[in-house]
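Source file: structure.cif; contents: mmCIF, C-alpha atoms.
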```
data_work
#
loop_
_atom_site.group_PDB
_atom_site.id
_atom_site.type_symbol
_atom_site.label_atom_id
_atom_site.label_comp_id
_atom_site.auth_asym_id
_atom_site.auth_seq_id
_atom_site.Cartn_x
_atom_site.Cartn_y
_atom_site.Cartn_z
ATOM 1 C CA MET Z 1 -35.748 12.947 -1.015
ATOM 2 C CA THR Z 2 -33.837 12.534 -4.275
ATOM 3 C CA THR Z 3 -30.261 11.387 -4.678
ATOM 4 C CA GLU Z 4 -29.242 14.937 -5.593
ATOM 5 C CA THR Z 5 -30.656 16.333 -2.346
ATOM 6 C CA ILE Z 6 -28.832 13.710 -0.301
ATOM 7 C CA LEU Z 7 -25.508 14.284 -2.107
ATOM 8 C CA ASN Z 8 -25.860 18.055 -1.709
ATOM 9 C CA ALA Z 9 -26.706 17.676 1.974
ATOM 10 C CA ILE Z 10 -23.591 15.558 2.545
ATOM 11 C CA GLN Z 11 -21.418 17.941 0.518
ATOM 12 C CA GLY Z 12 -22.795 20.930 2.436
ATOM 13 C CA SER Z 13 -22.223 19.374 5.873
ATOM 14 C CA ALA Z 14 -19.599 20.639 8.280
ATOM 15 C CA VAL Z 15 -17.776 17.282 8.285
ATOM 16 C CA SER Z 16 -17.560 17.312 4.489
ATOM 17 C CA HIS Z 17 -16.155 20.855 4.517
ATOM 18 C CA ALA Z 18 -13.645 19.958 7.206
ATOM 19 C CA ILE Z 19 -12.375 16.969 5.183
ATOM 20 C CA SER Z 20 -12.279 18.642 1.763
ATOM 21 C CA LYS Z 21 -10.636 21.834 3.052
ATOM 22 C CA ALA Z 22 -8.046 20.008 5.175
ATOM 23 C CA ASN Z 23 -4.488 19.268 4.103
ATOM 24 C CA HIS Z 24 -4.433 16.629 1.359
ATOM 25 C CA LEU Z 25 -2.324 14.454 3.660
ATOM 26 C CA LEU Z 26 -5.499 13.856 5.709
ATOM 27 C CA ILE Z 27 -6.986 12.068 2.675
ATOM 28 C CA ALA Z 28 -3.684 10.183 2.301
ATOM 29 C CA GLY Z 29 -4.097 9.123 5.945
ATOM 30 C CA PHE Z 30 -7.621 7.826 5.249
ATOM 31 C CA GLN Z 31 -6.243 5.916 2.253
ATOM 32 C CA VAL Z 32 -3.536 4.295 4.386
ATOM 33 C CA PHE Z 33 -6.208 3.031 6.814
ATOM 34 C CA HIS Z 34 -8.315 1.964 3.824
ATOM 35 C CA VAL Z 35 -5.461 -0.115 2.388
ATOM 36 C CA MET Z 36 -4.478 -1.551 5.801
ATOM 37 C CA GLY Z 37 -8.101 -2.569 6.423
ATOM 38 C CA PHE Z 38 -8.215 -4.354 3.092
ATOM 39 C CA VAL Z 39 -4.850 -6.047 3.748
ATOM 40 C CA LEU Z 40 -6.174 -7.447 7.061
ATOM 41 C CA LEU Z 41 -9.435 -8.566 5.434
ATOM 42 C CA LEU Z 42 -7.718 -10.324 2.556
ATOM 43 C CA ALA Z 43 -4.977 -11.895 4.710
ATOM 44 C CA ALA Z 44 -7.586 -13.394 7.062
ATOM 45 C CA LEU Z 45 -9.652 -14.556 4.083
ATOM 46 C CA VAL Z 46 -6.627 -16.199 2.417
ATOM 47 C CA LEU Z 47 -5.647 -17.911 5.698
ATOM 48 C CA ILE Z 48 -9.123 -19.437 6.171
ATOM 49 C CA SER Z 49 -9.300 -20.320 2.461
ATOM 50 C CA LEU Z 50 -5.963 -22.164 2.550
ATOM 51 C CA ARG Z 51 -7.196 -24.165 5.561
ATOM 52 C CA LEU Z 52 -10.558 -24.903 3.891
ATOM 53 C CA LEU Z 53 -8.720 -26.223 0.829
ATOM 54 C CA GLY Z 54 -6.560 -28.392 3.095
ATOM 55 C CA PHE Z 55 -3.281 -26.698 2.132
ATOM 56 C CA ILE Z 56 -2.194 -25.505 5.601
ATOM 57 C CA LEU Z 57 -2.618 -26.252 9.327
ATOM 58 C CA THR Z 58 -4.359 -29.569 8.694
ATOM 59 C CA GLN Z 59 -3.623 -30.624 12.306
ATOM 60 C CA GLN Z 60 -6.207 -28.038 13.393
ATOM 61 C CA THR Z 61 -9.924 -28.095 12.627
ATOM 62 C CA VAL Z 62 -11.369 -25.468 10.275
ATOM 63 C CA PRO Z 63 -13.157 -23.543 13.093
ATOM 64 C CA GLU Z 64 -9.966 -23.526 15.217
ATOM 65 C CA VAL Z 65 -8.176 -21.630 12.463
ATOM 66 C CA ALA Z 66 -11.183 -19.600 11.339
ATOM 67 C CA HIS Z 67 -12.546 -18.393 14.685
ATOM 68 C CA GLN Z 68 -10.017 -15.601 15.350
ATOM 69 C CA ALA Z 69 -9.346 -15.011 11.648
ATOM 70 C CA LEU Z 70 -13.024 -14.233 11.022
ATOM 71 C CA ARG Z 71 -12.920 -11.554 13.714
ATOM 72 C CA LEU Z 72 -9.820 -10.089 12.060
ATOM 73 C CA LEU Z 73 -11.593 -10.204 8.686
ATOM 74 C CA TRP Z 74 -14.598 -8.230 9.954
ATOM 75 C CA SER Z 75 -12.318 -5.753 11.792
ATOM 76 C CA GLY Z 76 -10.426 -5.190 8.543
ATOM 77 C CA LEU Z 77 -13.693 -4.607 6.698
ATOM 78 C CA ALA Z 78 -14.861 -2.166 9.394
ATOM 79 C CA LEU Z 79 -11.580 -0.240 9.104
ATOM 80 C CA ALA Z 80 -11.829 -0.106 5.301
ATOM 81 C CA VAL Z 81 -15.514 0.904 5.311
ATOM 82 C CA GLY Z 82 -14.987 3.536 8.037
ATOM 83 C CA SER Z 83 -12.063 5.200 6.253
ATOM 84 C CA GLY Z 84 -13.857 4.829 2.912
ATOM 85 C CA LEU Z 85 -16.932 6.547 4.324
ATOM 86 C CA LEU Z 86 -14.806 9.527 5.423
ATOM 87 C CA MET Z 87 -13.323 9.789 1.919
ATOM 88 C CA PHE Z 88 -16.836 9.634 0.431
ATOM 89 C CA ILE Z 89 -18.156 12.337 2.779
ATOM 90 C CA GLY Z 90 -15.266 14.584 1.733
ATOM 91 C CA SER Z 91 -16.355 14.573 -1.933
ATOM 92 C CA PRO Z 92 -19.640 12.655 -2.368
ATOM 93 C CA ARG Z 93 -20.470 13.876 -5.893
ATOM 94 C CA HIS Z 94 -17.002 13.018 -7.190
ATOM 95 C CA TYR Z 95 -17.436 9.394 -6.051
ATOM 96 C CA PHE Z 96 -21.148 8.899 -6.681
ATOM 97 C CA TYR Z 97 -20.913 9.794 -10.369
ATOM 98 C CA ASN Z 98 -17.821 7.630 -10.913
ATOM 99 C CA PRO Z 99 -18.800 4.337 -12.678
ATOM 100 C CA ALA Z 100 -15.893 2.428 -11.071
ATOM 101 C CA PHE Z 101 -17.103 3.537 -7.617
ATOM 102 C CA ASP Z 102 -20.677 2.410 -8.386
ATOM 103 C CA LEU Z 103 -19.388 -0.969 -9.579
ATOM 104 C CA LYS Z 104 -17.234 -1.249 -6.447
ATOM 105 C CA MET Z 105 -20.247 -0.615 -4.183
ATOM 106 C CA VAL Z 106 -22.348 -3.284 -5.950
ATOM 107 C CA LEU Z 107 -19.468 -5.785 -5.689
ATOM 108 C CA LEU Z 108 -18.882 -4.804 -2.040
ATOM 109 C CA VAL Z 109 -22.507 -5.539 -1.117
ATOM 110 C CA ILE Z 110 -22.425 -8.928 -2.888
ATOM 111 C CA ALA Z 111 -19.025 -9.832 -1.371
ATOM 112 C CA THR Z 112 -20.215 -8.897 2.133
ATOM 113 C CA LEU Z 113 -23.413 -10.953 1.726
ATOM 114 C CA VAL Z 114 -21.474 -14.003 0.497
ATOM 115 C CA GLN Z 115 -19.068 -13.518 3.416
ATOM 116 C CA ALA Z 116 -21.825 -13.222 6.037
ATOM 117 C CA VAL Z 117 -24.139 -15.925 4.718
ATOM 118 C CA LEU Z 118 -22.104 -18.590 2.915
ATOM 119 C CA PHE Z 119 -18.415 -18.259 3.874
ATOM 120 C CA ARG Z 120 -18.963 -17.743 7.595
ATOM 121 C CA LYS Z 121 -21.207 -20.813 7.761
ATOM 122 C CA VAL Z 122 -18.640 -22.993 5.970
ATOM 123 C CA ALA Z 123 -15.736 -21.632 8.075
ATOM 124 C CA ASN Z 124 -17.608 -22.447 11.288
ATOM 125 C CA SER Z 125 -18.405 -26.068 10.438
ATOM 126 C CA ASP Z 126 -16.091 -28.868 11.590
ATOM 127 C CA HIS Z 127 -16.306 -30.915 8.405
ATOM 128 C CA PRO Z 128 -17.553 -28.744 5.516
ATOM 129 C CA SER Z 129 -18.132 -30.680 2.311
ATOM 130 C CA PRO Z 130 -15.079 -30.221 0.044
ATOM 131 C CA TRP Z 131 -17.292 -29.084 -2.797
ATOM 132 C CA LEU Z 132 -18.958 -26.386 -0.673
ATOM 133 C CA ALA Z 133 -15.598 -25.303 0.776
ATOM 134 C CA ARG Z 134 -14.040 -24.917 -2.678
ATOM 135 C CA THR Z 135 -17.067 -23.015 -4.015
ATOM 136 C CA SER Z 136 -17.113 -20.541 -1.102
ATOM 137 C CA VAL Z 137 -13.363 -19.957 -1.379
ATOM 138 C CA ALA Z 138 -13.503 -19.347 -5.134
ATOM 139 C CA LEU Z 139 -16.553 -17.093 -4.875
ATOM 140 C CA SER Z 140 -15.251 -15.058 -1.934
ATOM 141 C CA LEU Z 141 -11.727 -14.554 -3.294
ATOM 142 C CA THR Z 142 -13.029 -13.581 -6.754
ATOM 143 C CA LEU Z 143 -15.476 -11.067 -5.287
ATOM 144 C CA TRP Z 144 -12.939 -9.379 -2.966
ATOM 145 C CA PHE Z 145 -10.314 -9.274 -5.736
ATOM 146 C CA ALA Z 146 -12.943 -7.619 -7.955
ATOM 147 C CA VAL Z 147 -13.805 -5.106 -5.200
ATOM 148 C CA SER Z 148 -10.149 -4.062 -4.947
ATOM 149 C CA MET Z 149 -9.689 -3.887 -8.728
ATOM 150 C CA ALA Z 150 -12.798 -1.681 -9.065
ATOM 151 C CA GLY Z 151 -11.485 0.446 -6.191
ATOM 152 C CA ARG Z 152 -8.136 0.877 -7.905
ATOM 153 C CA ALA Z 153 -9.959 1.928 -11.092
ATOM 154 C CA ILE Z 154 -11.784 4.844 -9.392
ATOM 155 C CA GLY Z 155 -8.866 7.192 -9.967
ATOM 156 C CA PHE Z 156 -8.548 6.233 -13.626
ATOM 157 C CA VAL Z 157 -12.084 6.644 -15.073
ATOM 158 C CA MET U 1 20.722 16.047 -14.463
ATOM 159 C CA THR U 2 22.176 13.456 -12.151
ATOM 160 C CA THR U 3 23.162 10.034 -13.421
ATOM 161 C CA ILE U 4 20.385 8.346 -11.431
ATOM 162 C CA ALA U 5 17.725 10.609 -12.921
ATOM 163 C CA ALA U 6 19.168 10.009 -16.391
ATOM 164 C CA ILE U 7 18.991 6.239 -15.897
ATOM 165 C CA ALA U 8 15.410 6.514 -14.584
ATOM 166 C CA ASN U 9 14.426 8.580 -17.609
ATOM 167 C CA ALA U 10 16.016 6.051 -19.935
ATOM 168 C CA ILE U 11 14.118 3.168 -18.251
ATOM 169 C CA GLU U 12 10.837 5.040 -18.546
ATOM 170 C CA ALA U 13 11.477 5.925 -22.185
ATOM 171 C CA THR U 14 11.840 2.293 -23.318
ATOM 172 C CA SER U 15 8.977 0.927 -25.419
ATOM 173 C CA ILE U 16 7.568 -1.231 -22.597
ATOM 174 C CA GLY U 17 7.766 1.664 -20.133
ATOM 175 C CA THR U 18 5.818 4.014 -22.386
ATOM 176 C CA ALA U 19 3.374 1.257 -23.426
ATOM 177 C CA ILE U 20 2.383 0.681 -19.779
ATOM 178 C CA ALA U 21 2.209 4.383 -18.958
ATOM 179 C CA GLU U 22 0.062 5.177 -21.985
ATOM 180 C CA SER U 23 -2.262 2.170 -21.900
ATOM 181 C CA ARG U 24 -5.700 2.956 -20.531
ATOM 182 C CA TYR U 25 -6.045 -0.454 -18.898
ATOM 183 C CA ALA U 26 -2.537 -1.771 -18.220
ATOM 184 C CA PHE U 27 -1.582 0.730 -15.509
ATOM 185 C CA PRO U 28 -4.677 0.370 -13.268
ATOM 186 C CA ILE U 29 -4.712 -3.422 -13.736
ATOM 187 C CA ILE U 30 -1.042 -3.685 -12.726
ATOM 188 C CA GLU U 31 -1.676 -1.405 -9.734
ATOM 189 C CA GLY U 32 -4.655 -3.564 -8.716
ATOM 190 C CA THR U 33 -2.530 -6.698 -9.016
ATOM 191 C CA HIS U 34 0.178 -5.043 -6.895
ATOM 192 C CA LEU U 35 -2.419 -4.265 -4.187
ATOM 193 C CA ILE U 36 -3.915 -7.792 -4.150
ATOM 194 C CA ALA U 37 -0.504 -9.491 -4.179
ATOM 195 C CA LEU U 38 0.779 -7.313 -1.337
ATOM 196 C CA SER U 39 -2.362 -8.042 0.658
ATOM 197 C CA VAL U 40 -1.539 -11.742 0.378
ATOM 198 C CA SER U 41 2.220 -11.529 1.045
ATOM 199 C CA VAL U 42 2.429 -8.664 3.551
ATOM 200 C CA GLY U 43 -0.973 -9.632 4.980
ATOM 201 C CA LEU U 44 0.152 -13.202 5.716
ATOM 202 C CA ILE U 45 3.393 -11.809 7.205
ATOM 203 C CA PHE U 46 1.226 -9.664 9.526
ATOM 204 C CA LEU U 47 -0.634 -12.814 10.635
ATOM 205 C CA THR U 48 2.679 -14.608 11.262
ATOM 206 C CA ASP U 49 3.960 -11.593 13.236
ATOM 207 C CA LEU U 50 0.809 -11.565 15.360
ATOM 208 C CA ARG U 51 1.339 -15.291 16.053
ATOM 209 C CA LEU U 52 4.961 -14.677 17.107
ATOM 210 C CA MET U 53 3.755 -11.890 19.416
ATOM 211 C CA GLY U 54 1.220 -14.291 20.931
ATOM 212 C CA LEU U 55 -1.814 -12.267 19.808
ATOM 213 C CA PHE U 56 -3.223 -14.601 17.145
ATOM 214 C CA LEU U 57 -3.791 -18.380 16.793
ATOM 215 C CA ARG U 58 -2.084 -19.122 20.120
ATOM 216 C CA GLN U 59 -3.430 -22.682 20.109
ATOM 217 C CA VAL U 60 -1.592 -23.392 16.820
ATOM 218 C CA PRO U 61 2.189 -24.091 17.054
ATOM 219 C CA ALA U 62 4.170 -21.021 15.876
ATOM 220 C CA ALA U 63 6.374 -23.180 13.647
ATOM 221 C CA ALA U 64 3.297 -24.563 11.850
ATOM 222 C CA VAL U 65 2.031 -21.042 11.103
ATOM 223 C CA LEU U 66 5.483 -19.802 10.076
ATOM 224 C CA HIS U 67 6.333 -22.711 7.785
ATOM 225 C CA GLY U 68 2.798 -23.334 6.519
ATOM 226 C CA LEU U 69 2.330 -19.779 5.268
ATOM 227 C CA ARG U 70 5.846 -19.310 3.876
ATOM 228 C CA PRO U 71 5.271 -20.641 0.315
ATOM 229 C CA TYR U 72 2.215 -18.385 -0.091
ATOM 230 C CA VAL U 73 4.098 -15.365 1.263
ATOM 231 C CA LEU U 74 6.888 -16.024 -1.255
ATOM 232 C CA CYS U 75 4.457 -16.525 -4.173
ATOM 233 C CA GLY U 76 2.744 -13.263 -3.215
ATOM 234 C CA PHE U 77 6.092 -11.493 -3.091
ATOM 235 C CA ALA U 78 7.024 -12.753 -6.570
ATOM 236 C CA LEU U 79 3.858 -11.130 -7.910
ATOM 237 C CA VAL U 80 4.425 -7.948 -5.845
ATOM 238 C CA PHE U 81 7.940 -7.520 -7.245
ATOM 239 C CA LEU U 82 6.817 -8.312 -10.785
ATOM 240 C CA SER U 83 3.894 -5.834 -10.729
ATOM 241 C CA GLY U 84 5.960 -3.266 -8.800
ATOM 242 C CA GLY U 85 8.767 -3.639 -11.335
ATOM 243 C CA LEU U 86 6.360 -2.936 -14.201
ATOM 244 C CA LEU U 87 4.977 0.151 -12.403
ATOM 245 C CA PHE U 88 8.537 1.370 -11.867
ATOM 246 C CA TRP U 89 9.305 0.779 -15.539
ATOM 247 C CA ALA U 90 6.441 3.090 -16.494
ATOM 248 C CA GLU U 91 7.225 5.970 -14.119
ATOM 249 C CA ALA U 92 10.784 5.532 -12.884
ATOM 250 C CA ALA U 93 11.722 9.208 -13.223
ATOM 251 C CA GLU U 94 8.688 10.412 -11.234
ATOM 252 C CA VAL U 95 8.865 7.936 -8.348
ATOM 253 C CA ILE U 96 12.571 8.209 -7.578
ATOM 254 C CA ALA U 97 12.008 11.930 -6.951
ATOM 255 C CA SER U 98 9.554 11.102 -4.146
ATOM 256 C CA PRO U 99 10.910 10.847 -0.589
ATOM 257 C CA ALA U 100 8.154 8.304 0.148
ATOM 258 C CA TRP U 101 9.579 5.981 -2.527
ATOM 259 C CA VAL U 102 13.106 6.261 -1.107
ATOM 260 C CA PHE U 103 11.863 5.509 2.421
ATOM 261 C CA LYS U 104 9.687 2.661 1.126
ATOM 262 C CA PHE U 105 12.719 0.878 -0.305
ATOM 263 C CA ALA U 106 14.840 1.627 2.757
ATOM 264 C CA PHE U 107 12.125 -0.007 4.912
ATOM 265 C CA ILE U 108 11.860 -2.996 2.533
ATOM 266 C CA GLY U 109 15.621 -3.481 2.966
ATOM 267 C CA LEU U 110 15.246 -3.239 6.738
ATOM 268 C CA ALA U 111 12.351 -5.746 6.700
ATOM 269 C CA GLY U 112 14.555 -8.121 4.705
ATOM 270 C CA LEU U 113 17.416 -7.808 7.212
ATOM 271 C CA ASN U 114 14.984 -8.394 10.081
ATOM 272 C CA ALA U 115 13.635 -11.529 8.378
ATOM 273 C CA VAL U 116 17.126 -12.891 7.691
ATOM 274 C CA TYR U 117 18.243 -12.221 11.286
ATOM 275 C CA PHE U 118 15.095 -13.903 12.602
ATOM 276 C CA GLU U 119 15.425 -16.926 10.319
ATOM 277 C CA PHE U 120 19.149 -17.573 10.767
ATOM 278 C CA VAL U 121 19.790 -16.396 14.325
ATOM 279 C CA ILE U 122 16.708 -16.055 16.533
ATOM 280 C CA ALA U 123 14.637 -18.961 15.184
ATOM 281 C CA ARG U 124 17.617 -21.367 15.352
ATOM 282 C CA ARG U 125 18.075 -21.008 19.106
ATOM 283 C CA PRO U 126 16.865 -24.128 20.912
ATOM 284 C CA GLY U 127 13.211 -23.851 21.905
ATOM 285 C CA ALA U 128 12.722 -20.548 20.076
ATOM 286 C CA LEU U 129 9.508 -21.610 18.352
ATOM 287 C CA SER U 130 8.400 -24.475 20.561
ATOM 288 C CA PRO U 131 8.827 -23.471 24.203
ATOM 289 C CA GLU U 132 7.965 -26.057 26.842
ATOM 290 C CA ARG U 133 5.100 -23.943 28.048
ATOM 291 C CA GLY U 134 3.467 -20.540 27.658
ATOM 292 C CA ALA U 135 4.584 -17.624 25.520
ATOM 293 C CA LEU U 136 7.408 -17.548 22.979
ATOM 294 C CA PRO U 137 10.795 -16.116 24.083
ATOM 295 C CA ARG U 138 11.113 -12.337 24.156
ATOM 296 C CA PRO U 139 13.456 -11.998 21.110
ATOM 297 C CA VAL U 140 10.924 -13.925 19.000
ATOM 298 C CA LYS U 141 8.101 -11.606 20.087
ATOM 299 C CA LEU U 142 10.265 -8.552 19.379
ATOM 300 C CA ALA U 143 11.162 -9.851 15.907
ATOM 301 C CA GLY U 144 7.415 -10.171 15.212
ATOM 302 C CA LEU U 145 6.759 -6.649 16.467
ATOM 303 C CA ALA U 146 9.653 -5.272 14.374
ATOM 304 C CA SER U 147 8.359 -7.008 11.238
ATOM 305 C CA LEU U 148 4.794 -5.767 11.832
ATOM 306 C CA THR U 149 6.040 -2.188 12.340
ATOM 307 C CA ILE U 150 8.417 -2.108 9.376
ATOM 308 C CA TRP U 151 5.928 -3.617 6.902
ATOM 309 C CA THR U 152 3.271 -1.150 8.082
ATOM 310 C CA LEU U 153 5.736 1.662 7.319
ATOM 311 C CA VAL U 154 6.356 0.151 3.859
ATOM 312 C CA VAL U 155 2.600 0.212 3.119
ATOM 313 C CA ILE U 156 2.280 3.791 4.436
ATOM 314 C CA CYS U 157 5.219 5.018 2.329
ATOM 315 C CA GLY U 158 3.851 3.205 -0.730
ATOM 316 C CA ARG U 159 0.521 4.970 -0.436
ATOM 317 C CA LEU U 160 2.256 8.323 0.119
ATOM 318 C CA ILE U 161 4.322 8.216 -3.114
ATOM 319 C CA ALA U 162 1.479 9.915 -5.006
ATOM 320 C CA TYR U 163 1.022 12.503 -2.246
ATOM 321 C CA LEU U 164 4.665 13.452 -1.675
ATOM 322 C CA PRO U 165 6.140 13.736 -5.173
ATOM 323 C CA HIS U 166 9.113 15.920 -4.148
ATOM 324 C CA TRP U 167 11.482 16.414 -1.219
ATOM 325 C CA SER U 168 10.494 20.051 -0.659
#
```

With the file now loaded, output its structure as structure tokens.
Amino acid sequence: MTTETILNAIQGSAVSHAISKANHLLIAGFQVFHVMGFVLLLAALVLISLRLLGFILTQQTVPEVAHQALRLLWSGLALAVGSGLLMFIGSPRHYFYNPAFDLKMVLLVIATLVQAVLFRKVANSDHPSPWLARTSVALSLTLWFAVSMAGRAIGFV
Amino acid sequence: MTTIAAIANAIEATSIGTAIAESRYAFPIIEGTHLIALSVSVGLIFLTDLRLMGLFLRQVPAAAVLHGLRPYVLCGFALVFLSGGLLFWAEAAEVIASPAWVFKFAFIGLAGLNAVYFEFVIARRPGALSPERGALPRPVKLAGLASLTIWTLVVICGRLIAYLPHWS
């Protein structure tokens, strides 16, 4: 099956029709959830990062701060991806052929991998090496900032 | 034309206003910065609110969360106001016509009042942030809930500015 067939199948589906024919405030609603999901993700990430760098809550261990925050981070991501998926289903061709969207998806995959493999491991260890902690923080924050910048660019290219 | 609309038009027509509006890169970059900065400031406020409500980081003292995050919340806000100010400069006349923009700023004012009341009245009561045992006092929890609700409304209204350009 080619990309074209898949995009056409999504565009021709009942869900896609329902979303694209609905009031434009439905899309605005999806976007609100999309932004709120990202806000939760980034807030949790910044909280854990500040603790990893030793700037806040130094009376607590890294995992004590990170445990609940990591769950919030993944919930935020789920909310953003879920609402994003609904927006994509509503007009798949519009997004797929947008270079900013393609860039965002590549960055999203890399950011998620770094989050799941490197950052989570560091945030769950009692005494991560300072060098490793700083590297994961820098890498993760840069990637998620880039994801949001690419996302913001979708409407402008 | 009302005076307010005339002022907004004059702001937008200045050289910086038109430069931002017409630049291919400046506008989306400033919008992206606004989004990231608000995720840090409003996002960290959400985490503080959840702590006050007893839903997040219960094993960490509320005062430590509140005071530890404050400088980062304030830095984030500086960037939010700076980037938001530049966006306003570029499209002042359009945004003030949107009901979502008016409500957004009304809610920001309300959030500010809530924060001031919390900081100078509720939080100063003895034992407000460090109770002998168990949950924080009810007014503290309610202040957290109010902050969470109002800032959520600010984000919703912000996103709706583009979708609700006019009152009718």

Task: Output of the PyMOL selection byres ((chain U and resi 147) around 10), listed as a PyMOL selection string - done: chain U and resi 42+45-46+48-50+110-115+118+141-146+148-153

Would you save the residues of that selection, restricted to C-alpha atoms, as a short mmCIF file (atom, residue, chain, number, x, y, z; two decimals), keeping the file's coordinate frame?
```
data_model
loop_
_atom_site.label_atom_id
_atom_site.label_comp_id
_atom_site.auth_asym_id
_atom_site.auth_seq_id
_atom_site.Cartn_x
_atom_site.Cartn_y
_atom_site.Cartn_z
CA VAL U 42 2.43 -8.66 3.55
CA ILE U 45 3.39 -11.81 7.20
CA PHE U 46 1.23 -9.66 9.53
CA THR U 48 2.68 -14.61 11.26
CA ASP U 49 3.96 -11.59 13.24
CA LEU U 50 0.81 -11.56 15.36
CA LEU U 110 15.25 -3.24 6.74
CA ALA U 111 12.35 -5.75 6.70
CA GLY U 112 14.56 -8.12 4.70
CA LEU U 113 17.42 -7.81 7.21
CA ASN U 114 14.98 -8.39 10.08
CA ALA U 115 13.64 -11.53 8.38
CA PHE U 118 15.10 -13.90 12.60
CA LYS U 141 8.10 -11.61 20.09
CA LEU U 142 10.26 -8.55 19.38
CA ALA U 143 11.16 -9.85 15.91
CA GLY U 144 7.42 -10.17 15.21
CA LEU U 145 6.76 -6.65 16.47
CA ALA U 146 9.65 -5.27 14.37
CA LEU U 148 4.79 -5.77 11.83
CA THR U 149 6.04 -2.19 12.34
CA ILE U 150 8.42 -2.11 9.38
CA TRP U 151 5.93 -3.62 6.90
CA THR U 152 3.27 -1.15 8.08
CA LEU U 153 5.74 1.66 7.32
#
```

Where does the PyMOL selection byres ((chain U and resi 61-67) around 12) land in this file, that is, which residues does it pick, as a PDB file with C-alpha atoms, keeping the file's coordinate frame?
```pdb
ATOM      1  CA  LEU Z  47      -5.647 -17.911   5.698  1.00  0.00           C
ATOM      2  CA  LEU Z  50      -5.963 -22.164   2.550  1.00  0.00           C
ATOM      3  CA  ARG Z  51      -7.196 -24.165   5.561  1.00  0.00           C
ATOM      4  CA  PHE Z  55      -3.281 -26.698   2.132  1.00  0.00           C
ATOM      5  CA  ILE Z  56      -2.194 -25.505   5.601  1.00  0.00           C
ATOM      6  CA  LEU Z  57      -2.618 -26.252   9.327  1.00  0.00           C
ATOM      7  CA  THR Z  58      -4.359 -29.569   8.694  1.00  0.00           C
ATOM      8  CA  GLN Z  59      -3.623 -30.624  12.306  1.00  0.00           C
ATOM      9  CA  GLN Z  60      -6.207 -28.038  13.393  1.00  0.00           C
ATOM     10  CA  VAL Z  65      -8.176 -21.630  12.463  1.00  0.00           C
TER      11      VAL Z  65
ATOM     12  CA  LEU U  44       0.152 -13.202   5.716  1.00  0.00           C
ATOM     13  CA  ILE U  45       3.393 -11.809   7.205  1.00  0.00           C
ATOM     14  CA  PHE U  46       1.226  -9.664   9.526  1.00  0.00           C
ATOM     15  CA  LEU U  47      -0.634 -12.814  10.635  1.00  0.00           C
ATOM     16  CA  THR U  48       2.679 -14.608  11.262  1.00  0.00           C
ATOM     17  CA  ASP U  49       3.960 -11.593  13.236  1.00  0.00           C
ATOM     18  CA  LEU U  50       0.809 -11.565  15.360  1.00  0.00           C
ATOM     19  CA  ARG U  51       1.339 -15.291  16.053  1.00  0.00           C
ATOM     20  CA  LEU U  52       4.961 -14.677  17.107  1.00  0.00           C
ATOM     21  CA  MET U  53       3.755 -11.890  19.416  1.00  0.00           C
ATOM     22  CA  GLY U  54       1.220 -14.291  20.931  1.00  0.00           C
ATOM     23  CA  LEU U  55      -1.814 -12.267  19.808  1.00  0.00           C
ATOM     24  CA  PHE U  56      -3.223 -14.601  17.145  1.00  0.00           C
ATOM     25  CA  LEU U  57      -3.791 -18.380  16.793  1.00  0.00           C
ATOM     26  CA  ARG U  58      -2.084 -19.122  20.120  1.00  0.00           C
ATOM     27  CA  GLN U  59      -3.430 -22.682  20.109  1.00  0.00           C
ATOM     28  CA  VAL U  60      -1.592 -23.392  16.820  1.00  0.00           C
ATOM     29  CA  GLY U  68       2.798 -23.334   6.519  1.00  0.00           C
ATOM     30  CA  LEU U  69       2.330 -19.779   5.268  1.00  0.00           C
ATOM     31  CA  ARG U  70       5.846 -19.310   3.876  1.00  0.00           C
ATOM     32  CA  PRO U  71       5.271 -20.641   0.315  1.00  0.00           C
ATOM     33  CA  TYR U  72       2.215 -18.385  -0.091  1.00  0.00           C
ATOM     34  CA  VAL U  73       4.098 -15.365   1.263  1.00  0.00           C
ATOM     35  CA  LEU U  74       6.888 -16.024  -1.255  1.00  0.00           C
ATOM     36  CA  ALA U 115      13.635 -11.529   8.378  1.00  0.00           C
ATOM     37  CA  PHE U 118      15.095 -13.903  12.602  1.00  0.00           C
ATOM     38  CA  GLU U 119      15.425 -16.926  10.319  1.00  0.00           C
ATOM     39  CA  ALA U 123      14.637 -18.961  15.184  1.00  0.00           C
ATOM     40  CA  ARG U 124      17.617 -21.367  15.352  1.00  0.00           C
ATOM     41  CA  GLY U 127      13.211 -23.851  21.905  1.00  0.00           C
ATOM     42  CA  ALA U 128      12.722 -20.548  20.076  1.00  0.00           C
ATOM     43  CA  LEU U 129       9.508 -21.610  18.352  1.00  0.00           C
ATOM     44  CA  SER U 130       8.400 -24.475  20.561  1.00  0.00           C
ATOM     45  CA  PRO U 131       8.827 -23.471  24.203  1.00  0.00           C
ATOM     46  CA  GLU U 132       7.965 -26.057  26.842  1.00  0.00           C
ATOM     47  CA  ARG U 133       5.100 -23.943  28.048  1.00  0.00           C
ATOM     48  CA  GLY U 134       3.467 -20.540  27.658  1.00  0.00           C
ATOM     49  CA  ALA U 135       4.584 -17.624  25.520  1.00  0.00           C
ATOM     50  CA  LEU U 136       7.408 -17.548  22.979  1.00  0.00           C
ATOM     51  CA  PRO U 137      10.795 -16.116  24.083  1.00  0.00           C
ATOM     52  CA  VAL U 140      10.924 -13.925  19.000  1.00  0.00           C
ATOM     53  CA  LYS U 141       8.101 -11.606  20.087  1.00  0.00           C
ATOM     54  CA  GLY U 144       7.415 -10.171  15.212  1.00  0.00           C
TER      55      GLY U 144
END
```

Open item on the list: Going by the chain IDs and residue numbers used in this file, which residues fall under the PyMOL selection byres ((chain Z) within 7 of (chain U))? Write them as a VMD selection string.
Closed with: chain Z and resid 28 32 39 to 40 42 to 43 56 to 57 65 68 145 148 to 149 152 to 153
